[in-house]
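K.L.:
Mind having a look at this structure? Questions to follow.
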Amino acid sequence: MFGYIQYDKPYLYIKDFELYRAMYCGVCKGLSKACGQIARLGLSYDAAFFNAVLHNIKNTDVKIEKQSCITKFGFKHPMALVDELTEEVACLNTILVYYKLTDDVVDERKGGLRRRVFRGAFSRAAAHCPGIAESVERNMRLQAERENALCDSIDLAADATAVMLRECSDILLQDAATPQSGALFYDIGKWIYLMDAADDYDEDAAKGRYNPFRAAYGCKDKRELLQSHGQDLRFLFNTLFYDMREQLSGIRFHFNRDLTDNIILRGLPQQTERVVFGAACGGKSCKTKAQKPKNKESEK
């Protein structure tokens with residue numbers, strides 16, 4: 001469920017690439033400050049994006065200065081200073097990671113030790129941001145109920161994750177939240193859920209686990225899914241992208257929006273092509289698993 005939100009680097013200005021890296025490092029520092037050192041192991045690309053776009057919409061200036069980093073052997077490089085919003089984004093990241101680990105324990109009967117190690121970080125994050133913790137817990141419980149009921153509606157299956165991200169964005173933005181910002185984060189939450197489902201289709205089918213696309217179409221593997229219902233999937237994702245563009249046009253960004261536009265308008269469609277539709281390559285099976293960072297050094 002993590003690591004899908006990425007930029008399209010060939011079309012990213014150098015200034016925005018440097019800003020993204022600084023925001024990424026800022027969340028890492030925020031994780032340490034708000035949730036403890038263990039929480040830094042769960043740092044994701046998604047949190048860096050949330051940190052950048054939320055600061056922009058909320059009109060919270062980002063201060064950047066050179067600080068030392070252990071992964072750079074103590075050498076200094078530009079980092080976004082940790083502020084209250086960054087700490088809250090870090091808490092959201094930590095809470096989501098904990099529920100992802102919980103999901104792994106339930107689905108795969110493994111990862112219990114990792115979840116126990118992460119428990120302290122989760123407790124600190126939940127105490128720091130109780131509203132976010134409540135929203136995630138409530139919606140993830142609803143998500144589990146629908147999956148256990150083998151929901152065959154793709155939209156309904158993705159709704160709980162989408163609502164969760166919309167609610168969390170409203171909490172983080174406070175007075176700056178608008179119907180358009182909420183709808184944008186709803187779309188992003190739905191996109192993340194569907195990307196994860198498409199990415200895991202073959203593994204879910206092999207292990208007999210719930211998958212919304214499998215429940216809706218009943219295909220034995222992803223190749224059959226793309227061959228039989230590829231156009232349906234394209235329509236589904238293109239509808240999401242269209243709505244994202246519509247919501248973006250109604251949101252006031254207080255600073256340069258080049259980074260946000262690059263990620264949403266170019267990065268997300270590019271990731272969708274690679275992860276969802278990349279398996280149909282000249283009759284051969286192609287690797288579709290998202291390239292997720294093993295640690296924060298991989299992004300730097």
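Residues in the structure tokens are named by chain (A, B, ... in the order shown) and by number from 1 within that chain; ligands are numbered from 1 in the order shown.
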Where does DSSP see helix (DSSP H, G or I) in stretch 55-228 of chain A, if you list the residues as a VMD selection string?
P.N.:
chain A and resid 55 to 58 70 to 72 84 to 108 112 to 128 130 to 148 154 to 176 179 to 199 201 to 207 212 to 217 222 to 228
K.L.:
What's around stretch 249-256 of chain A at 12 Å? Count only C-alpha atoms, leave out sequence neighbours fewer than 2 positions away in its own chain, and write the answer as a ChimeraX atom specification.
P.N.:
/A:13,15-16,19,52-62,176-185,242-247,258-262,265
K.L.:
Which one of A:Ile188, A:Ser123, A:Arg116, A:Gln37 sits closest to A:Thr102 if you count only C-alpha atoms?
P.N.:
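Nearest candidate to A:Thr102 out of A:Ile188, A:Ser123, A:Arg116, A:Gln37: A:Arg116.
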K.L.:
Going by DSSP on the backbone, which bits of stretch 19-173 of chain A are strand (DSSP E)? Write them as an mmCIF file with N, CA and C atoms, in the first residue's frame, please.
P.N.:
```cif
data_model
loop_
_atom_site.group_PDB
_atom_site.id
_atom_site.type_symbol
_atom_site.label_atom_id
_atom_site.label_comp_id
_atom_site.auth_asym_id
_atom_site.auth_seq_id
_atom_site.Cartn_x
_atom_site.Cartn_y
_atom_site.Cartn_z
ATOM 1 N N ILE A 64 14.297 25.519 4.657
ATOM 2 C CA ILE A 64 15.277 24.496 4.310
ATOM 3 C C ILE A 64 16.664 24.969 4.713
ATOM 4 N N GLU A 65 17.390 24.084 5.369
ATOM 5 C CA GLU A 65 18.781 24.389 5.708
ATOM 6 C C GLU A 65 19.584 23.096 5.666
ATOM 7 N N LYS A 66 20.893 23.234 5.582
ATOM 8 C CA LYS A 66 21.749 22.053 5.520
ATOM 9 C C LYS A 66 21.917 21.452 6.906
ATOM 10 N N GLN A 67 21.655 20.148 6.986
ATOM 11 C CA GLN A 67 21.809 19.412 8.231
ATOM 12 C C GLN A 67 22.532 18.104 7.948
ATOM 13 N N SER A 68 23.134 17.544 8.963
ATOM 14 C CA SER A 68 23.868 16.298 8.794
ATOM 15 C C SER A 68 22.902 15.117 8.722
ATOM 16 N N LYS A 76 26.515 17.222 5.514
ATOM 17 C CA LYS A 76 25.289 18.010 5.504
ATOM 18 C C LYS A 76 24.734 18.161 4.092
ATOM 19 N N HIS A 77 23.415 18.191 3.992
ATOM 20 C CA HIS A 77 22.749 18.497 2.733
ATOM 21 C C HIS A 77 21.390 19.103 3.051
ATOM 22 N N PRO A 78 20.737 19.742 2.072
ATOM 23 C CA PRO A 78 19.502 20.487 2.357
ATOM 24 C C PRO A 78 18.374 19.594 2.884
ATOM 25 N N MET A 79 17.750 20.036 3.973
ATOM 26 C CA MET A 79 16.607 19.335 4.556
ATOM 27 C C MET A 79 15.555 20.353 4.955
ATOM 28 N N ALA A 80 14.293 19.981 4.804
ATOM 29 C CA ALA A 80 13.197 20.815 5.281
ATOM 30 C C ALA A 80 13.132 20.708 6.801
#
```
K.L.:
Find the residue from A:Ile95, A:Cys168, A:Val89, A:Ala198 that sits nearest to A:Ala127; use only C-alpha atoms when measuring.
P.N.:
A:Ile95
K.L.:
Rank A:Val97, A:Met164, A:Ala157, A:Val106 by their smallest atom-to-atom distance to A:Ile38, using only C-alpha atoms, and report the top residue only.
P.N.:
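Nearest to A:Ile38: A:Val97.
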K.L.:
Identify which of the residues A:Lys222, A:Phe50, A:Asp8, A:Ile154 lies closest to A:Arg166, counting only C-alpha atoms when measuring atom-to-atom distances.
P.N.:
A:Phe50
K.L.:
So what do you get for atom CA of A:Thr239 versus atom CA of A:Ala205, distance-wise?
P.N.:
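Those two atoms sit 26.2 Å apart.
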K.L.:
Which is closest to A:Pro269 among A:Met195, A:Leu248, A:Ala160, A:Leu113, if we use only C-alpha atoms?
P.N.:
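The answer is A:Met195, which sits nearest to A:Pro269.
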K.L.:
Pick out the residues sitting within 12 Å of A:Ile192, and hand them over as an MDAnalysis selection string; count only C-alpha atoms, and ignore anything fewer than 3 positions along from it in its own chain.
P.N.:
chainID A and resid 1:6 46 158:162 164:165 185:189 195:199 237 240 268:269 271:272 275:276 290
K.L.:
Keeping only C-alpha atoms, write those residues as a PDB file, in the first residue's frame.
P.N.:
```
ATOM      1  CA  MET A   1       0.000   0.000   0.000  1.00  0.00           C
ATOM      2  CA  PHE A   2       3.040   2.226   0.097  1.00  0.00           C
ATOM      3  CA  GLY A   3       5.531   3.661  -2.341  1.00  0.00           C
ATOM      4  CA  TYR A   4       3.313   4.119  -5.397  1.00  0.00           C
ATOM      5  CA  ILE A   5       3.191   7.941  -5.373  1.00  0.00           C
ATOM      6  CA  GLN A   6       6.282   9.016  -7.287  1.00  0.00           C
ATOM      7  CA  ASP A  46       3.854   8.857  -0.259  1.00  0.00           C
ATOM      8  CA  ALA A 158     -11.836   1.116  -2.425  1.00  0.00           C
ATOM      9  CA  ASP A 159     -14.144   3.558  -0.650  1.00  0.00           C
ATOM     10  CA  ALA A 160     -12.922   3.037   2.928  1.00  0.00           C
ATOM     11  CA  THR A 161      -9.285   3.790   2.062  1.00  0.00           C
ATOM     12  CA  ALA A 162     -10.370   6.796   0.001  1.00  0.00           C
ATOM     13  CA  MET A 164      -9.774   7.630   5.312  1.00  0.00           C
ATOM     14  CA  LEU A 165      -7.309   9.709   3.302  1.00  0.00           C
ATOM     15  CA  PHE A 185      -7.269  13.122  -1.468  1.00  0.00           C
ATOM     16  CA  TYR A 186     -10.272  10.825  -1.823  1.00  0.00           C
ATOM     17  CA  ASP A 187      -9.204  10.135  -5.422  1.00  0.00           C
ATOM     18  CA  ILE A 188      -5.598   9.574  -4.368  1.00  0.00           C
ATOM     19  CA  GLY A 189      -6.674   7.161  -1.632  1.00  0.00           C
ATOM     20  CA  MET A 195      -2.868   0.132  -7.506  1.00  0.00           C
ATOM     21  CA  ASP A 196      -2.069  -2.192  -4.627  1.00  0.00           C
ATOM     22  CA  ALA A 197      -4.849  -4.554  -5.680  1.00  0.00           C
ATOM     23  CA  ALA A 198      -3.662  -4.686  -9.293  1.00  0.00           C
ATOM     24  CA  ASP A 199      -0.048  -5.110  -8.201  1.00  0.00           C
ATOM     25  CA  PHE A 237      -8.145   4.842 -13.839  1.00  0.00           C
ATOM     26  CA  LEU A 240      -9.834   8.975 -11.553  1.00  0.00           C
ATOM     27  CA  LEU A 268       0.549   8.753 -11.103  1.00  0.00           C
ATOM     28  CA  PRO A 269      -0.437   7.902 -14.716  1.00  0.00           C
ATOM     29  CA  GLN A 271       3.046   4.463 -12.356  1.00  0.00           C
ATOM     30  CA  THR A 272      -0.351   3.131 -13.413  1.00  0.00           C
ATOM     31  CA  VAL A 275       2.230  -1.354 -12.399  1.00  0.00           C
ATOM     32  CA  VAL A 276      -1.259  -2.089 -13.736  1.00  0.00           C
ATOM     33  CA  ALA A 290       6.243  -1.213  -7.580  1.00  0.00           C
TER      34      ALA A 290
END
```
K.L.:
Neighbouring residues of A:Ser228 were defined as those with any atom within 12 Å, considering only C-alpha atoms; residues of the same chain fewer than 3 positions away were excluded. Please report them as a ChimeraX atom specification.
P.N.:
/A:213,217-225,231-233,280
K.L.:
Put those residues in a file: C-alpha atoms, as a short mmCIF file (atom, residue, chain, number, x, y, z; two decimals), in the first residue's frame.
P.N.:
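Writing the result to part_9.cif gives the following:
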```cif
data_model
loop_
_atom_site.label_atom_id
_atom_site.label_comp_id
_atom_site.auth_asym_id
_atom_site.auth_seq_id
_atom_site.Cartn_x
_atom_site.Cartn_y
_atom_site.Cartn_z
CA PHE A 213 -10.61 -7.06 -9.26
CA TYR A 217 -14.19 -10.21 -12.76
CA GLY A 218 -13.16 -13.69 -11.56
CA CYS A 219 -10.07 -13.95 -13.76
CA LYS A 220 -7.53 -16.62 -12.83
CA ASP A 221 -4.49 -14.34 -13.21
CA LYS A 222 -3.54 -10.79 -14.13
CA ARG A 223 -2.83 -11.63 -17.76
CA GLU A 224 -6.38 -12.85 -18.22
CA LEU A 225 -7.66 -9.79 -16.36
CA GLN A 231 -10.40 -1.43 -21.26
CA ASP A 232 -12.55 -1.44 -18.14
CA LEU A 233 -9.47 -0.87 -16.01
CA ALA A 280 1.06 -7.29 -21.10
#
```
K.L.:
With only C-alpha atoms as the atoms that count, which of A:Glu88, A:Gly112, A:Leu142, A:Cys151 lies nearest to A:Gln174?
P.N.:
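Ranking A:Glu88, A:Gly112, A:Leu142, A:Cys151 by distance to A:Gln174, first place goes to A:Glu88.
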K.L.:
Could you jot down the atom CA of A:Asp202 to atom CA of A:Lys100 separation for me, Å, one decimal place?
P.N.:
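Rounded to one decimal, the two atoms are 19.1 Å apart.
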K.L.:
Please, what distance in Å, to one decimal, runs between atom CA of A:Val163 and atom CA of A:Ala47?
P.N.:
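Between atom CA of A:Val163 and atom CA of A:Ala47 the gap is 17.4 Å.
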